[in-house]
Structure formats: structure tokens, C-alpha cells
Amino acid sequence: MHLRCSDPDCAATLDLHDRALSCPVCADLLEVVVDSIANTPAELKRMWLERRCSYAPLDASGVWRFREFLPDCYSEVVTMSEGNNPLVKGHRTAQWCGVRNLNFKHLGWNPTACFKDLGMTVGMTEAVYVGAKSVGCASTGNTAASLAAYAARAGLTAKVYLPAGQVSQNKLAQALDFGAEVVQLEGSFDLALERMLHSPDRDLYFLNSINPFRLEGQKMAIFEMLEQLGWEVPDYVVVPGGNLGNTSAFGKAFLELQTAGFLDKVPRLVVVQAEGANPFAQMWRSGAAELTPVEQPETAATAIRIGNPRSWKKALRAVQHSKGFVMDVTDEEIAEAKAMIGGDGIGCEPASATTLAGLRKAAARGKVDRDAVVVAILTGHALKDTDFIIKSQRFEHVLQGEVQL
Ligand code: F0G
């Protein structure tokens with residue numbers, strides 16, 4: 001396996017363990033190239049299912065269980081049984097959005113309650129392999145929490161840059177609990193990322209989603225989802241869009257599985273952004289060839305308050321290949337959809353609810369067929385942003401003083 005520039009017109013190659021984060025020729029992002037697989041899809045599907053009965057750490061991970069599609073050089077793997085996240089049927093939510101066959105893939109049910117753990121197990125394992133002593137990221141909160149936890153497991157120092165006052169307290173608390181060094185910076189996530197990228201600490205191993213190993217782990221959400229569906233390809237996969245790492249990882253998964261003969265078609269990828277942080281949706285609507293960043297992104301879904309998504313080129317290729325589309329929803333629509341997901345007994349954080357909000361809008365406009373099989377990706381747990389819930393729910397009975405029973 002090796003690294004390759006993700007721009008097909010460049011396709012420069014680098015050693016797998018090169019610590020570069022962008023192509024030395026054209027500066028585009030890099031990706032891991034998976035070697036061709038010796039086993040047949042039928043053999044692999046059987047082997048992967050058998051591993052579900054094993055307690056060996058690699059088999060117990062919903063990422064490393066599919067390790068034939070990951071680098072195989074590691075003697076030490078940093079894992080916490082991430083993945084293994086169920087597909088949950090939407091009930092009231094299905095009625096509400098008007099799509100009958102609605103399934104939620106809940107990646108919030110991970111060790112640190114977010115999909116980032118899927119990527120972090122691979123990213124942290126690579127960090128250990130290359131001998132890093134400290135790891136870092138800029139974050140809207142979830143990457144920071146996940147990085148801090150996995151760094152603690154690996155015995156590495158964690159440094160996280162957060163946009164001051166724009167991160168949920170629950171996520172900040174997680175990062176602190178796991179012992180990360182937290183730096184809060186004035187300004188947006190985009191600025192924090194810029195600062196981290198230009199950090200004078202050249203030894204810091206960088207673990208934002210522009211790190212290609214992160215995406216290798218995140219792509220396994222799709223492997224697991226397809227296994228859960230008996231390898232029947234759904235019609236749509238709906239995903240929130242922030243920095244667009246997840247969209248890129250999902251596109252890579254579909255392409256690799258198609259190339260290896262697992263699938264004869266791919267689902268349409270639908271990316272949903274918040275209206276106040278929607279550069280990708282704007283670009284999609286206008287048909288522009290380049291992304292224009294949103295200078296002051298604003299949304300109550302703080303996880304995706306991002307104006308300059310780094311992985312937009314990879315994500316665009318993924319959406320185009322799948323014949324999908326990109327859209328946006330308002331904060332009101334997000335809040336309403338989030339309350340519906342809670343009301344279905346599932347719960348999620350605000351950014352995740354963009355999927356249901358987007359689906360409802362797309363179905364109403366006839367862009368998603370009501371009989372379609374749909375998987376909506378829930379990226380974070382309800383407890384990731386409790387402040388949002390408390391502020392948005394109305395209490396009907398406020399009892400004052402002592403209650404006489
Ligand atoms: N949902 C949640 C809960 C997130 O935390 C993020 C990103 C996204 C969706 C968007 O995913 O960036 O791959 O398009 N959170 C990052 C962070 C930026 O720092 O925690 P994406």
C-alpha cells in the first residue's frame with residue numbers, strides 16, 4: 001500500500017508512512033491506496049461475519065474487523081472496540097419525513113460518542129507506528145474528545161485547538177477528562193485549523209480528517225452498514241457535511257467495494273449542511289468549479305460550524321460518482337428534526353439531525369422517492385450537546401415550592 005495524491009490528474013505517489021498531509025507536487029490532499037485483495041467477496045463476507053463471534057481486540061473492533069481493506073503493517077493497534085453500531089429503524093421519524101424505509105446508522109454509539117473514533121483508531125495506530133510522541137488537531141469538539149481518548153490509550157500527549165466559546169461544554173469536558181492540553185483560540189474553527197497546520201511544533205502528529213489514515217477508519221461505517229443490510233445497496237445514504245471528511249471516506253468505501261466486486265451499484269450520497277455554514281451546498285447549487293469559503297459560518301449545530309471545508313474536492317468526486325446531491329437546512333429545521341429523533345427514542349446531537357431535516361425537505365420536493373431505502377447517518381450522541389436540548393425544549397409544568405402529595 002502507498003499514499004497517492006487524490007487528484008486523479010496528478011496521482012503522485014508517496015511512501016505509505018510519509019508524514020506529508022498534502023501532495024508535494026500539486027498540494028491536493030492525499031489518500032491511502034489499498035492493494036488489490038486476494039480473497040473473493042464471498043470469502044471476505046464470511047470471514048468478517050465469523051470475526052463477530054471473537055473477542056480478540058482486532059475482531060471486536062468494527063473497524064479492524066474489515067482489516068483486509070486497511071494497512072496491515074501494525075504490531076500495535078490502538079483500539080477500543082469502536083464501531084459495531086446498529087442500524088435503527090425510524091418509526092415516527094419515518095412518518096414525519098415521509099420516507100417509509102428509514103434506517104439510522106448511529107455512529108454516536110461509539111466509545112467517545114461520535115463517529116470520529118472510527119477514524120481515530122487508525123490515525124492513532126499510524127501515529128504510534130511512525131514514532132510520534134504528541135498528536136494534535138483543531139476541532140469543533142468531537143475530534144478533540146476522540147483524539148484525547150485515543151492518545152491517552154496510546155500514552156501520547158494530546159494537544160487540541162478549539163474555537164473559544166463555540167464548542168459544546170460536554171465535548172470540552174471530554175477532552176479535559178482524557179487529559180488533553182486544550183488551547184482555546186479567538187475566531188472560527190477554520191482559523192484554529194490554520195493555526196494548527198502552521199504550528200511551530202514540527203513533531204506534532206496531525207490528526208484532523210485531512211490525515212488520510214483517519215478516513216481509512218471512517219470508511220468502515222459503510223462496510224458495516226452494508227453487512228447489516230445483507231449487502232443490499234440502499235438507494236440513499238444521507239450524511240451531514242462539515243469539513244467533508246466523512247463524505248470523502250464514504251465515497252472511498254463505495255469505490256473500493258465496487259472495484260473489489262462487492263457491489264454492482266452505489267447508493268446516492270446526499271450531503272446536508274447547515275444554511276449558515278453551507279459553502280459546499282452553495283457551490284453545488286451554483287455549479288461553480290471552485291469552493292468559495294463562508295467567511296463567518298454561523299449555526300447552532302456547532303459541530304459543523306465550518307466555512308472552509310478542506311476535503312471538498314474529495315467529497316465532490318464522491319457525490320458526483322454516486323449521482324447524489326448536496327443541500328442545506330435552516331437551524332429551525334435542524335432543531336425540529338432533532339426533537340423528532342429524540343421523540344423516536346434514539347437521540348442525536350444537532351449536527352446529526354441535518355440528515356433527517358434534509359431528507360424531509362428532499363422528499364417533499366420529490367428528490368427522494370418515498371419508497372426508497374434510506375440510511376441516515378447519525379454522527380454524534382444526544383448527550384454531546386445537552387445545552388442545546390435544555391434551551392430548545394419547553395417545560396410545560398414548572399412546579400414552584402414544595403409539592404403536596
Ligand atoms: N457531525 C458531527 C457530530 C461532527 O462532529 C462533525 C465534524 C460532522 C458531523 C461533520 O463531519 O467534517 O467529516 O464533514 N466535526 C469535526 C470536529 C469538524 O472537529 O469534531 P465532516
# chains A, B, ... in the order shown; residues from 1 in each chain; ligands from 1
call {"tool": "residues_near_ligand", "arguments": {"ligand": "ligand 1", "cutoff": "6 Å", "atoms": "only C-alpha atoms and all ligand atoms", "output": "NGL selection string"}}
result
:A and (139-143 or 240-246 or 303-304 or 351-352 or 379-380)
call {"tool": "write_last_selection", "arguments": {"atoms": "all heavy atoms", "output": "short mmCIF file (atom, residue, chain, number, x, y, z; two decimals), in the first residue's frame"}}
result
data_model
loop_
_atom_site.label_atom_id
_atom_site.label_comp_id
_atom_site.auth_asym_id
_atom_site.auth_seq_id
_atom_site.Cartn_x
_atom_site.Cartn_y
_atom_site.Cartn_z
N SER A 139 -10.49 21.58 16.28
CA SER A 139 -11.75 20.84 16.35
C SER A 139 -12.93 21.70 16.75
O SER A 139 -12.78 22.68 17.49
CB SER A 139 -11.59 19.70 17.36
OG SER A 139 -12.80 18.97 17.50
N THR A 140 -14.11 21.30 16.28
CA THR A 140 -15.35 21.89 16.79
C THR A 140 -15.82 21.12 18.03
O THR A 140 -16.91 21.34 18.52
CB THR A 140 -16.45 21.90 15.71
OG1 THR A 140 -16.63 20.56 15.23
CG2 THR A 140 -16.08 22.80 14.54
N GLY A 141 -15.02 20.17 18.49
CA GLY A 141 -15.29 19.49 19.76
C GLY A 141 -15.15 17.98 19.73
O GLY A 141 -14.50 17.39 20.59
N ASN A 142 -15.75 17.35 18.73
CA ASN A 142 -15.76 15.89 18.74
C ASN A 142 -14.40 15.27 18.41
O ASN A 142 -13.99 14.29 19.04
CB ASN A 142 -16.81 15.37 17.76
CG ASN A 142 -18.20 15.42 18.35
OD1 ASN A 142 -18.37 15.18 19.54
ND2 ASN A 142 -19.18 15.74 17.53
N THR A 143 -13.71 15.82 17.43
CA THR A 143 -12.39 15.28 17.10
C THR A 143 -11.48 15.41 18.32
O THR A 143 -10.69 14.50 18.63
CB THR A 143 -11.77 16.01 15.89
OG1 THR A 143 -12.70 15.97 14.82
CG2 THR A 143 -10.48 15.36 15.45
N PRO A 240 -24.31 14.38 7.26
CA PRO A 240 -24.07 15.81 7.49
C PRO A 240 -22.72 16.23 6.88
O PRO A 240 -21.78 15.43 6.87
CB PRO A 240 -23.99 15.93 9.02
CG PRO A 240 -24.35 14.59 9.58
CD PRO A 240 -24.18 13.59 8.50
N GLY A 241 -22.64 17.45 6.44
CA GLY A 241 -21.38 17.93 5.85
C GLY A 241 -20.79 19.08 6.63
O GLY A 241 -21.42 20.12 6.82
N GLY A 242 -19.56 18.89 7.14
CA GLY A 242 -18.83 19.95 7.81
C GLY A 242 -17.53 20.18 7.07
O GLY A 242 -17.47 20.85 6.04
N ASN A 243 -16.47 19.53 7.57
CA ASN A 243 -15.18 19.60 6.88
C ASN A 243 -15.12 18.61 5.70
O ASN A 243 -14.15 18.56 4.97
CB ASN A 243 -14.06 19.29 7.88
CG ASN A 243 -12.85 20.17 7.68
OD1 ASN A 243 -12.89 21.15 6.95
ND2 ASN A 243 -11.75 19.79 8.30
N LEU A 244 -16.14 17.79 5.58
CA LEU A 244 -16.38 16.85 4.47
C LEU A 244 -15.46 15.64 4.44
O LEU A 244 -15.30 14.99 3.40
CB LEU A 244 -16.36 17.60 3.12
CG LEU A 244 -17.44 18.70 3.01
CD1 LEU A 244 -17.24 19.54 1.76
CD2 LEU A 244 -18.84 18.09 3.01
N GLY A 245 -14.86 15.31 5.59
CA GLY A 245 -14.04 14.10 5.69
C GLY A 245 -14.90 12.85 5.60
O GLY A 245 -14.55 11.90 4.89
N ASN A 246 -16.03 12.86 6.29
CA ASN A 246 -16.88 11.67 6.29
C ASN A 246 -17.42 11.38 4.89
O ASN A 246 -17.40 10.24 4.43
CB ASN A 246 -18.06 11.87 7.26
CG ASN A 246 -18.17 10.75 8.26
OD1 ASN A 246 -17.30 9.85 8.33
ND2 ASN A 246 -19.22 10.74 9.03
N ALA A 303 -20.98 21.62 15.76
CA ALA A 303 -20.03 20.63 15.20
C ALA A 303 -19.71 20.92 13.74
O ALA A 303 -18.62 20.59 13.26
CB ALA A 303 -20.62 19.22 15.33
N ILE A 304 -20.67 21.54 13.04
CA ILE A 304 -20.46 21.78 11.61
C ILE A 304 -20.42 23.28 11.29
O ILE A 304 -20.74 23.69 10.19
CB ILE A 304 -21.52 21.04 10.75
CG1 ILE A 304 -22.94 21.32 11.25
CG2 ILE A 304 -21.25 19.54 10.75
CD1 ILE A 304 -24.03 20.75 10.32
N ALA A 351 -25.90 18.51 14.85
CA ALA A 351 -25.32 18.33 13.50
C ALA A 351 -25.87 17.07 12.83
O ALA A 351 -26.09 17.05 11.61
CB ALA A 351 -23.81 18.27 13.59
N SER A 352 -26.09 16.03 13.62
CA SER A 352 -26.57 14.76 13.05
C SER A 352 -27.99 14.90 12.50
O SER A 352 -28.37 14.20 11.56
CB SER A 352 -26.58 13.67 14.12
OG SER A 352 -25.37 13.64 14.82
N THR A 379 -24.22 11.15 13.49
CA THR A 379 -22.78 11.24 13.74
C THR A 379 -22.41 11.38 15.22
O THR A 379 -21.30 11.04 15.61
CB THR A 379 -22.23 12.44 12.96
OG1 THR A 379 -23.14 13.54 13.16
CG2 THR A 379 -22.13 12.14 11.48
N GLY A 380 -23.35 11.91 16.03
CA GLY A 380 -23.00 12.14 17.44
C GLY A 380 -24.18 11.86 18.37
O GLY A 380 -25.34 11.97 17.98
#
call {"tool": "residues_around", "arguments": {"residues": "range 312-317 of chain A", "least_positions_apart": "3", "cutoff": "10 Å", "atoms": "only C-alpha atoms", "output": "CSV table (one decimal) with N, CA, C and O atoms, in the first residue's frame"}}
result
chain,number,residue,atom,x,y,z
A,6,SER,N,-4.9,12.7,-4.2
A,6,SER,CA,-6.3,12.4,-4.5
A,6,SER,C,-6.8,13.0,-5.8
A,6,SER,O,-7.9,12.7,-6.3
A,7,ASP,N,-6.0,13.9,-6.4
A,7,ASP,CA,-6.3,14.5,-7.7
A,7,ASP,C,-5.9,13.5,-8.8
A,7,ASP,O,-4.7,13.2,-9.0
A,28,ASP,N,-2.8,19.0,-3.4
A,28,ASP,CA,-4.1,18.5,-3.1
A,28,ASP,C,-3.9,17.4,-1.9
A,28,ASP,O,-2.8,17.1,-1.6
A,29,LEU,N,-5.0,17.0,-1.4
A,29,LEU,CA,-4.9,16.0,-0.3
A,29,LEU,C,-4.5,14.6,-0.7
A,29,LEU,O,-4.6,14.3,-1.9
A,30,LEU,N,-4.0,13.9,0.2
A,30,LEU,CA,-3.5,12.5,-0.1
A,30,LEU,C,-4.5,11.5,0.3
A,30,LEU,O,-5.4,11.7,1.1
A,31,GLU,N,-4.4,10.3,-0.3
A,31,GLU,CA,-5.3,9.2,0.1
A,31,GLU,C,-4.4,7.9,0.2
A,31,GLU,O,-3.4,7.8,-0.5
A,241,GLY,N,-22.6,17.4,6.4
A,241,GLY,CA,-21.4,17.9,5.8
A,241,GLY,C,-20.8,19.1,6.6
A,241,GLY,O,-21.4,20.1,6.8
A,242,GLY,N,-19.6,18.9,7.1
A,242,GLY,CA,-18.8,20.0,7.8
A,242,GLY,C,-17.5,20.2,7.1
A,242,GLY,O,-17.5,20.8,6.0
A,243,ASN,N,-16.5,19.5,7.6
A,243,ASN,CA,-15.2,19.6,6.9
A,243,ASN,C,-15.1,18.6,5.7
A,243,ASN,O,-14.2,18.6,5.0
A,244,LEU,N,-16.1,17.8,5.6
A,244,LEU,CA,-16.4,16.9,4.5
A,244,LEU,C,-15.5,15.6,4.4
A,244,LEU,O,-15.3,15.0,3.4
A,245,GLY,N,-14.9,15.3,5.6
A,245,GLY,CA,-14.0,14.1,5.7
A,245,GLY,C,-14.9,12.8,5.6
A,245,GLY,O,-14.5,11.9,4.9
A,246,ASN,N,-16.0,12.9,6.3
A,246,ASN,CA,-16.9,11.7,6.3
A,246,ASN,C,-17.4,11.4,4.9
A,246,ASN,O,-17.4,10.2,4.4
A,247,THR,N,-17.9,12.4,4.2
A,247,THR,CA,-18.4,12.2,2.8
A,247,THR,C,-17.3,11.6,2.0
A,247,THR,O,-17.6,10.7,1.2
A,248,SER,N,-16.1,12.1,2.1
A,248,SER,CA,-15.0,11.6,1.3
A,248,SER,C,-14.7,10.1,1.7
A,248,SER,O,-14.4,9.3,0.8
A,249,ALA,N,-14.7,9.8,3.0
A,249,ALA,CA,-14.4,8.4,3.4
A,249,ALA,C,-15.5,7.5,2.9
A,249,ALA,O,-15.2,6.4,2.4
A,250,PHE,N,-16.7,7.9,2.9
A,250,PHE,CA,-17.8,7.1,2.4
A,250,PHE,C,-17.7,6.8,0.9
A,250,PHE,O,-17.9,5.7,0.4
A,251,GLY,N,-17.4,7.9,0.2
A,251,GLY,CA,-17.2,7.7,-1.3
A,251,GLY,C,-16.1,6.7,-1.6
A,251,GLY,O,-16.2,5.9,-2.5
A,252,LYS,N,-15.0,6.8,-0.8
A,252,LYS,CA,-13.9,5.9,-1.0
A,252,LYS,C,-14.3,4.4,-0.7
A,252,LYS,O,-14.0,3.5,-1.4
A,269,LEU,N,-25.3,9.5,-2.6
A,269,LEU,CA,-24.8,10.2,-1.4
A,269,LEU,C,-25.5,11.6,-1.3
A,269,LEU,O,-25.3,12.4,-2.3
A,271,VAL,N,-25.5,15.0,0.8
A,271,VAL,CA,-24.8,15.7,1.9
A,271,VAL,C,-25.6,16.9,2.3
A,271,VAL,O,-26.1,17.7,1.5
A,279,PRO,N,-20.9,26.3,2.5
A,279,PRO,CA,-20.1,26.6,1.2
A,279,PRO,C,-20.2,25.5,0.2
A,279,PRO,O,-20.3,25.8,-1.0
A,280,PHE,N,-20.4,24.2,0.6
A,280,PHE,CA,-20.4,23.1,-0.3
A,280,PHE,C,-21.8,23.1,-1.0
A,280,PHE,O,-21.9,22.9,-2.2
A,283,MET,N,-21.9,25.9,-3.5
A,283,MET,CA,-21.1,25.5,-4.7
A,283,MET,C,-21.9,24.6,-5.6
A,283,MET,O,-21.9,24.7,-6.8
A,284,TRP,N,-22.5,23.6,-5.0
A,284,TRP,CA,-23.3,22.6,-5.7
A,284,TRP,C,-24.4,23.3,-6.5
A,284,TRP,O,-24.6,23.0,-7.7
A,289,ALA,N,-16.9,25.8,-10.2
A,289,ALA,CA,-15.8,24.8,-10.2
A,289,ALA,C,-15.0,24.8,-9.0
A,289,ALA,O,-14.3,23.8,-8.7
A,290,GLU,N,-15.0,25.9,-8.2
A,290,GLU,CA,-14.2,26.0,-7.0
A,290,GLU,C,-15.1,26.4,-5.8
A,290,GLU,O,-16.1,27.0,-6.0
A,291,LEU,N,-14.7,26.0,-4.6
A,291,LEU,CA,-15.5,26.3,-3.5
A,291,LEU,C,-15.1,27.7,-2.9
A,291,LEU,O,-13.9,28.0,-2.8
A,308,ASN,N,-14.7,26.7,5.6
A,308,ASN,CA,-13.8,26.4,4.6
A,308,ASN,C,-13.4,24.9,4.6
A,308,ASN,O,-12.3,24.5,5.0
A,309,PRO,N,-14.3,24.0,4.2
A,309,PRO,CA,-14.1,22.5,4.3
A,309,PRO,C,-12.9,22.1,3.5
A,309,PRO,O,-12.9,22.3,2.3
A,320,GLN,N,-20.5,13.2,-6.9
A,320,GLN,CA,-20.7,13.0,-8.4
A,320,GLN,C,-20.7,11.6,-8.8
A,320,GLN,O,-21.6,11.2,-9.6
A,321,HIS,N,-19.8,10.8,-8.3
A,321,HIS,CA,-19.7,9.4,-8.7
A,321,HIS,C,-21.0,8.7,-8.3
A,321,HIS,O,-21.5,7.8,-9.0
A,322,SER,N,-21.6,9.1,-7.1
A,322,SER,CA,-22.8,8.3,-6.7
A,322,SER,C,-24.1,8.9,-7.3
A,322,SER,O,-25.1,8.4,-6.9
A,323,LYS,N,-23.9,9.9,-8.1
A,323,LYS,CA,-25.1,10.7,-8.6
A,323,LYS,C,-26.0,11.2,-7.5
A,323,LYS,O,-27.2,11.2,-7.6
A,324,GLY,N,-25.4,11.6,-6.4
A,324,GLY,CA,-26.1,12.2,-5.3
A,324,GLY,C,-26.2,13.7,-5.4
A,324,GLY,O,-26.1,14.3,-6.5
A,325,PHE,N,-26.5,14.4,-4.3
A,325,PHE,CA,-26.6,15.8,-4.3
A,325,PHE,C,-26.3,16.4,-3.0
A,325,PHE,O,-26.2,15.7,-2.0
A,326,VAL,N,-26.2,17.7,-3.0
A,326,VAL,CA,-25.8,18.5,-1.8
A,326,VAL,C,-26.9,19.5,-1.5
A,326,VAL,O,-27.5,20.1,-2.4
call {"tool": "residues_around", "arguments": {"residues": "range 219-234 of chain A", "least_positions_apart": "6", "cutoff": "6 Å", "atoms": "only C-alpha atoms", "output": "count of residues only"}}
result
7
call {"tool": "closest_atom_pairs", "arguments": {"of": "range 137-183 of chain A", "to": "range 203-215 of chain A", "cutoff": "12 Å", "atoms": "only C-alpha atoms", "output": "tab-separated table"}}
result
residue	atom	partner	partner_atom	distance
A:Cys137	CA	A:Asn208	CA	5.3
A:Ala138	CA	A:Asn208	CA	6.8
A:Ser139	CA	A:Asn208	CA	7.9
A:Thr140	CA	A:Asn208	CA	11.0
A:Gly141	CA	A:Asn208	CA	11.7
A:Asn142	CA	A:Asn208	CA	10.9
A:Thr143	CA	A:Asn208	CA	7.4
A:Ala144	CA	A:Asn208	CA	9.2
A:Ser146	CA	A:Leu207	CA	10.3
A:Leu147	CA	A:Leu207	CA	7.6
A:Ala148	CA	A:Leu207	CA	10.8
A:Tyr150	CA	A:Leu207	CA	11.1
A:Ala151	CA	A:Leu207	CA	10.6
A:Leu156	CA	A:Tyr205	CA	10.2
A:Thr157	CA	A:Leu204	CA	9.2
A:Ala158	CA	A:Leu204	CA	9.0
A:Lys159	CA	A:Leu204	CA	8.6
A:Val160	CA	A:Leu207	CA	9.9
A:Tyr161	CA	A:Asn208	CA	10.9
call {"tool": "residues_around", "arguments": {"residues": "Ala154 in chain A", "least_positions_apart": "5", "cutoff": "8 Å", "atoms": "only C-alpha atoms", "output": "PDB file with all heavy atoms, in the first residue's frame"}}
result
ATOM      1  N   VAL A  78      -4.204   0.704  18.374  1.00  0.00           N
ATOM      2  CA  VAL A  78      -4.887   1.431  19.453  1.00  0.00           C
ATOM      3  C   VAL A  78      -6.392   1.332  19.190  1.00  0.00           C
ATOM      4  O   VAL A  78      -6.934   2.033  18.332  1.00  0.00           O
ATOM      5  CB  VAL A  78      -4.454   2.914  19.477  1.00  0.00           C
ATOM      6  CG1 VAL A  78      -4.995   3.602  20.731  1.00  0.00           C
ATOM      7  CG2 VAL A  78      -2.940   3.047  19.384  1.00  0.00           C
ATOM      8  N   MET A 124      -4.480   7.005  15.108  1.00  0.00           N
ATOM      9  CA  MET A 124      -3.605   6.915  16.287  1.00  0.00           C
ATOM     10  C   MET A 124      -2.639   5.733  16.143  1.00  0.00           C
ATOM     11  O   MET A 124      -1.480   5.806  16.580  1.00  0.00           O
ATOM     12  CB  MET A 124      -4.449   6.767  17.553  1.00  0.00           C
ATOM     13  CG  MET A 124      -3.728   7.130  18.826  1.00  0.00           C
ATOM     14  SD  MET A 124      -3.214   8.877  18.888  1.00  0.00           S
ATOM     15  CE  MET A 124      -4.796   9.709  19.047  1.00  0.00           C
ATOM     16  N   VAL A 128       1.450   6.031  16.309  1.00  0.00           N
ATOM     17  CA  VAL A 128       2.348   5.196  17.125  1.00  0.00           C
ATOM     18  C   VAL A 128       3.391   4.538  16.215  1.00  0.00           C
ATOM     19  O   VAL A 128       4.586   4.513  16.525  1.00  0.00           O
ATOM     20  CB  VAL A 128       1.542   4.124  17.899  1.00  0.00           C
ATOM     21  CG1 VAL A 128       2.459   3.096  18.541  1.00  0.00           C
ATOM     22  CG2 VAL A 128       0.657   4.784  18.948  1.00  0.00           C
TER      23      VAL A 128
END
call {"tool": "closest_atom_pairs", "arguments": {"of": "range 95-192 of chain A", "to": "range 381-386 of chain A", "cutoff": "12 Å", "atoms": "only C-alpha atoms", "output": "tab-separated table"}}
result
residue	atom	partner	partner_atom	distance
A:Lys105	CA	A:His381	CA	11.7
A:His106	CA	A:His381	CA	8.1
A:Leu107	CA	A:His381	CA	7.9
A:Gly108	CA	A:His381	CA	4.3
A:Trp109	CA	A:His381	CA	6.5
A:Asn110	CA	A:His381	CA	8.6
A:Pro111	CA	A:His381	CA	10.6
A:Thr112	CA	A:His381	CA	9.0
A:Ala113	CA	A:His381	CA	5.3
A:Cys114	CA	A:His381	CA	6.4
A:Phe115	CA	A:His381	CA	9.5
A:Lys116	CA	A:His381	CA	11.8
A:Thr140	CA	A:Lys384	CA	11.7
A:Gly141	CA	A:Lys384	CA	9.2
A:Asn142	CA	A:Lys384	CA	8.4
A:Ala145	CA	A:Lys384	CA	10.3
A:Gln166	CA	A:Asp385	CA	11.6
A:Val167	CA	A:Asp385	CA	9.1
A:Ser168	CA	A:Asp385	CA	5.7
A:Gln169	CA	A:Asp385	CA	7.3
A:Asn170	CA	A:Lys384	CA	5.6
A:Lys171	CA	A:Lys384	CA	6.2
A:Leu172	CA	A:Lys384	CA	9.7
A:Ala173	CA	A:Lys384	CA	10.1
A:Gln174	CA	A:Lys384	CA	9.5
call {"tool": "write_last_selection", "arguments": {"atoms": "N, CA and C atoms", "output": "PDB file, in the first residue's frame"}}
result
ATOM      1  N   LYS A 105     -28.102   4.923  10.968  1.00  0.00           N
ATOM      2  CA  LYS A 105     -26.840   4.275  11.361  1.00  0.00           C
ATOM      3  C   LYS A 105     -26.262   5.182  12.434  1.00  0.00           C
ATOM      4  N   HIS A 106     -26.281   4.706  13.686  1.00  0.00           N
ATOM      5  CA  HIS A 106     -25.947   5.614  14.793  1.00  0.00           C
ATOM      6  C   HIS A 106     -24.482   5.509  15.200  1.00  0.00           C
ATOM      7  N   LEU A 107     -23.680   6.386  14.611  1.00  0.00           N
ATOM      8  CA  LEU A 107     -22.250   6.392  14.932  1.00  0.00           C
ATOM      9  C   LEU A 107     -21.966   7.162  16.215  1.00  0.00           C
ATOM     10  N   GLY A 108     -23.023   7.715  16.819  1.00  0.00           N
ATOM     11  CA  GLY A 108     -22.861   8.351  18.124  1.00  0.00           C
ATOM     12  C   GLY A 108     -22.722   7.317  19.233  1.00  0.00           C
ATOM     13  N   TRP A 109     -22.998   6.055  18.904  1.00  0.00           N
ATOM     14  CA  TRP A 109     -22.892   4.999  19.918  1.00  0.00           C
ATOM     15  C   TRP A 109     -21.517   4.345  19.834  1.00  0.00           C
ATOM     16  N   ASN A 110     -20.510   5.173  19.966  1.00  0.00           N
ATOM     17  CA  ASN A 110     -19.095   4.788  19.924  1.00  0.00           C
ATOM     18  C   ASN A 110     -18.420   5.144  21.248  1.00  0.00           C
ATOM     19  N   PRO A 111     -17.167   4.730  21.485  1.00  0.00           N
ATOM     20  CA  PRO A 111     -16.542   4.967  22.808  1.00  0.00           C
ATOM     21  C   PRO A 111     -16.600   6.421  23.277  1.00  0.00           C
ATOM     22  N   THR A 112     -16.351   7.387  22.397  1.00  0.00           N
ATOM     23  CA  THR A 112     -16.461   8.782  22.843  1.00  0.00           C
ATOM     24  C   THR A 112     -17.726   9.435  22.270  1.00  0.00           C
ATOM     25  N   ALA A 113     -18.650   8.603  21.823  1.00  0.00           N
ATOM     26  CA  ALA A 113     -19.995   9.040  21.428  1.00  0.00           C
ATOM     27  C   ALA A 113     -20.046   9.807  20.099  1.00  0.00           C
ATOM     28  N   CYS A 114     -19.157   9.453  19.191  1.00  0.00           N
ATOM     29  CA  CYS A 114     -19.117  10.129  17.890  1.00  0.00           C
ATOM     30  C   CYS A 114     -18.377   9.272  16.869  1.00  0.00           C
ATOM     31  N   PHE A 115     -18.655   9.521  15.580  1.00  0.00           N
ATOM     32  CA  PHE A 115     -18.002   8.744  14.512  1.00  0.00           C
ATOM     33  C   PHE A 115     -16.503   8.920  14.451  1.00  0.00           C
ATOM     34  N   LYS A 116     -15.982   9.945  15.097  1.00  0.00           N
ATOM     35  CA  LYS A 116     -14.538  10.231  14.988  1.00  0.00           C
ATOM     36  C   LYS A 116     -13.700   9.047  15.472  1.00  0.00           C
ATOM     37  N   THR A 140     -14.107  21.303  16.279  1.00  0.00           N
ATOM     38  CA  THR A 140     -15.352  21.892  16.791  1.00  0.00           C
ATOM     39  C   THR A 140     -15.816  21.115  18.030  1.00  0.00           C
ATOM     40  N   GLY A 141     -15.018  20.174  18.494  1.00  0.00           N
ATOM     41  CA  GLY A 141     -15.288  19.494  19.761  1.00  0.00           C
ATOM     42  C   GLY A 141     -15.147  17.981  19.725  1.00  0.00           C
ATOM     43  N   ASN A 142     -15.745  17.354  18.734  1.00  0.00           N
ATOM     44  CA  ASN A 142     -15.757  15.886  18.736  1.00  0.00           C
ATOM     45  C   ASN A 142     -14.395  15.265  18.405  1.00  0.00           C
ATOM     46  N   ALA A 145     -12.295  15.388  21.501  1.00  0.00           N
ATOM     47  CA  ALA A 145     -12.625  14.383  22.518  1.00  0.00           C
ATOM     48  C   ALA A 145     -12.080  13.017  22.117  1.00  0.00           C
ATOM     49  N   GLN A 166     -17.239  28.391  21.223  1.00  0.00           N
ATOM     50  CA  GLN A 166     -18.072  27.829  20.144  1.00  0.00           C
ATOM     51  C   GLN A 166     -18.136  26.305  20.195  1.00  0.00           C
ATOM     52  N   VAL A 167     -17.699  25.763  21.320  1.00  0.00           N
ATOM     53  CA  VAL A 167     -17.673  24.301  21.444  1.00  0.00           C
ATOM     54  C   VAL A 167     -18.585  23.900  22.600  1.00  0.00           C
ATOM     55  N   SER A 168     -19.366  22.860  22.382  1.00  0.00           N
ATOM     56  CA  SER A 168     -20.262  22.408  23.456  1.00  0.00           C
ATOM     57  C   SER A 168     -19.438  22.040  24.696  1.00  0.00           C
ATOM     58  N   GLN A 169     -19.973  22.395  25.850  1.00  0.00           N
ATOM     59  CA  GLN A 169     -19.280  22.125  27.124  1.00  0.00           C
ATOM     60  C   GLN A 169     -19.051  20.627  27.322  1.00  0.00           C
ATOM     61  N   ASN A 170     -19.968  19.831  26.835  1.00  0.00           N
ATOM     62  CA  ASN A 170     -19.853  18.378  27.023  1.00  0.00           C
ATOM     63  C   ASN A 170     -18.603  17.847  26.310  1.00  0.00           C
ATOM     64  N   LYS A 171     -18.346  18.376  25.113  1.00  0.00           N
ATOM     65  CA  LYS A 171     -17.189  17.914  24.336  1.00  0.00           C
ATOM     66  C   LYS A 171     -15.887  18.437  24.957  1.00  0.00           C
ATOM     67  N   LEU A 172     -15.934  19.686  25.391  1.00  0.00           N
ATOM     68  CA  LEU A 172     -14.772  20.274  26.063  1.00  0.00           C
ATOM     69  C   LEU A 172     -14.447  19.459  27.321  1.00  0.00           C
ATOM     70  N   ALA A 173     -15.496  19.098  28.060  1.00  0.00           N
ATOM     71  CA  ALA A 173     -15.299  18.309  29.282  1.00  0.00           C
ATOM     72  C   ALA A 173     -14.650  16.969  28.968  1.00  0.00           C
ATOM     73  N   GLN A 174     -15.066  16.346  27.865  1.00  0.00           N
ATOM     74  CA  GLN A 174     -14.456  15.057  27.483  1.00  0.00           C
ATOM     75  C   GLN A 174     -12.958  15.230  27.224  1.00  0.00           C
TER      76      GLN A 174
END
call {"tool": "residues_around", "arguments": {"residues": "Glu336 in chain A", "least_positions_apart": "2", "cutoff": "12 Å", "atoms": "only C-alpha atoms", "output": "MDAnalysis selection string"}}
result
chainID A and resid 93 96:97 329:334 338:343 350 353:358 360 389 392:393
call {"tool": "residues_around", "arguments": {"residues": "Gly217 in chain A", "least_positions_apart": "5", "cutoff": "9 Å", "atoms": "only C-alpha atoms", "output": "count of residues only"}}
result
12
